[in-house]
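Engineer: Quick one: the structure is below, questions incoming.
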Amino acid sequence: MTEERAGYRRSVKSPRGEARRRELLDKVADELGTNGLVDFSLRRAARAAGTTHKVLLYHFEGAEDLLTQAVLQLRERRITRALAAATEGPDNRSLADRVRSMWPTLIGEESWVLDQAIGLAMYDAGRYADLARTASRQYLPTLLSLCPESWSEQRRQEVAEFILATLRGFLIEWRTSGDAAGIDAGLAALTRALEREEQA
């Protein structure tokens, strides 16, 4: 990955500037979703956005900031799809059923790029730790919202963290081994654990 330092004034947060920033970010996120994180640079991002790297430096702090923001954008898209899958259907669906229904969206469109981001954060934690930390902050609110309202805040937090860690492990296993049968077995165990939790 090519590192390029910012040397330009960042965009002020005017409505027009924010709209332009979002437009550029959408295009860069689309490009990442197609081509992945390897060899990402400001010049590559500028080509995808139909602009120059100087324009990107006006709106972002540099290549790493732009990469992080684009990954966040891709995650938000996946979270939106996962939440839609979890909340469609009857209101009385169990937490276990809602969580299980999210899995196809987690391994669907653009998922390979987000899995690369996990690997990048593990490979160079000092430089890319935010990619992992922000993942937890992005996913947890959705998982908390799926937990029964009657549960205490602590119980919702514990169960949401358990679900997040388990699904993250399944994603790494799916990406590294492709063991669909093993992951199905793990999802079945997660389903049983959540059913027991709801009945407790």
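We name chains A, B, ... following the order of the structure tokens; residues begin at 1 in each chain, and ligands are numbered from 1 as shown.
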Would you list the contacts of region 83-96 of chain A as a list in words, taking every protein, DNA or RNA residue within 8 Å and counting only C-alpha atoms, but skipping same-chain residues closer than 6 positions in sequence?

Structural biologist: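 Contacts, in chain order: Met102, Thr105, Thr142, Leu146, Cys147, Pro148, Leu190, Thr191, Arg192, Leu194, Glu195 and Glu198 of chain A.
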
Engineer: Quote the spacing between CA of Thr51 (chain A) and CA of Arg21 (chain A) in Å to one decimal place.

Structural biologist: 11.9 Å

Engineer: When you look at Ala135 (chain A) with a cut-off of 10 Å (counting only C-alpha atoms), what residues show up, excluding the ones that are within fewer than 2 positions of it in the same chain? I need them as a list in words.

Structural biologist: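 Using only C-alpha atoms, the neighbours found are Val71, Leu72, Arg75, Glu76, Leu114, Ala117, Ile118, Asp130, Leu131, Ala132, Arg133, Arg137, Gln138, Tyr139, Leu140 and Leu164 of chain A.
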
Engineer: I'd like the interatomic distance between CA of Leu67 (chain A) and CA of Ala29 (chain A), to a tenth of an Å.

Structural biologist: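 Value for the CA of Leu67 (chain A)-CA of Ala29 (chain A) distance: 8.5 Å.
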
Engineer: What is the CA of Ala48 (chain A) to CA of Val28 (chain A) distance in Å?

Structural biologist: 6.0 Å

Engineer: Using only C-alpha atoms, which residue out of A:Ser150, A:Thr68, A:Asp39, A:Ala63 lies closest to Ala129 (chain A)?

Structural biologist: A:Thr68

Engineer: Using only C-alpha atoms, which of the listed residues (A:Glu197, A:Glu173, A:Glu158, A:Glu110) sits closest to Leu37 (chain A)?

Structural biologist: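 Of all the options, A:Glu110 lies closest to Leu37 (chain A).
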
Engineer: If you run DSSP on the backbone here, which positions in region 11-68 of chain A get alpha helix (DSSP H)? Please write them as a PyMOL selection string.

Structural biologist: chain A and resi 15-35+42-49+53-59+63-68

Engineer: Closest to Thr34 (chain A) among A:Arg98, A:Glu153, A:Leu167, A:Trp112, using only C-alpha atoms?

Structural biologist: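 Among A:Arg98, A:Glu153, A:Leu167, A:Trp112, it is A:Trp112 that comes nearest to Thr34 (chain A).
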
Engineer: Ranking A:Met122, A:Lys27, A:Ser101, A:Gly33 by minimum distance to Arg47 (chain A) and counting only C-alpha atoms, which one comes first?

Structural biologist: A:Lys27

Engineer: Considering only C-alpha atoms, state which residue in the set A:Arg77, A:Val38, A:Leu24, A:Arg155 is at the smallest distance from Leu57 (chain A).

Structural biologist: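 Between A:Arg77, A:Val38, A:Leu24, A:Arg155, the residue approaching Leu57 (chain A) most closely is A:Leu24.
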
Engineer: Of the candidates A:Leu144, A:Ala165, A:Ala189, A:Val99, which shows the shortest atom-to-atom distance to Ala82 (chain A), using only C-alpha atoms?

Structural biologist: A:Val99

Engineer: Excluding same-chain residues fewer than 6 positions from Asp115 (chain A), what lies within 8 Å of it counting only C-alpha atoms, as an MDAnalysis selection string?

Structural biologist: chainID A and resid 171:172 175
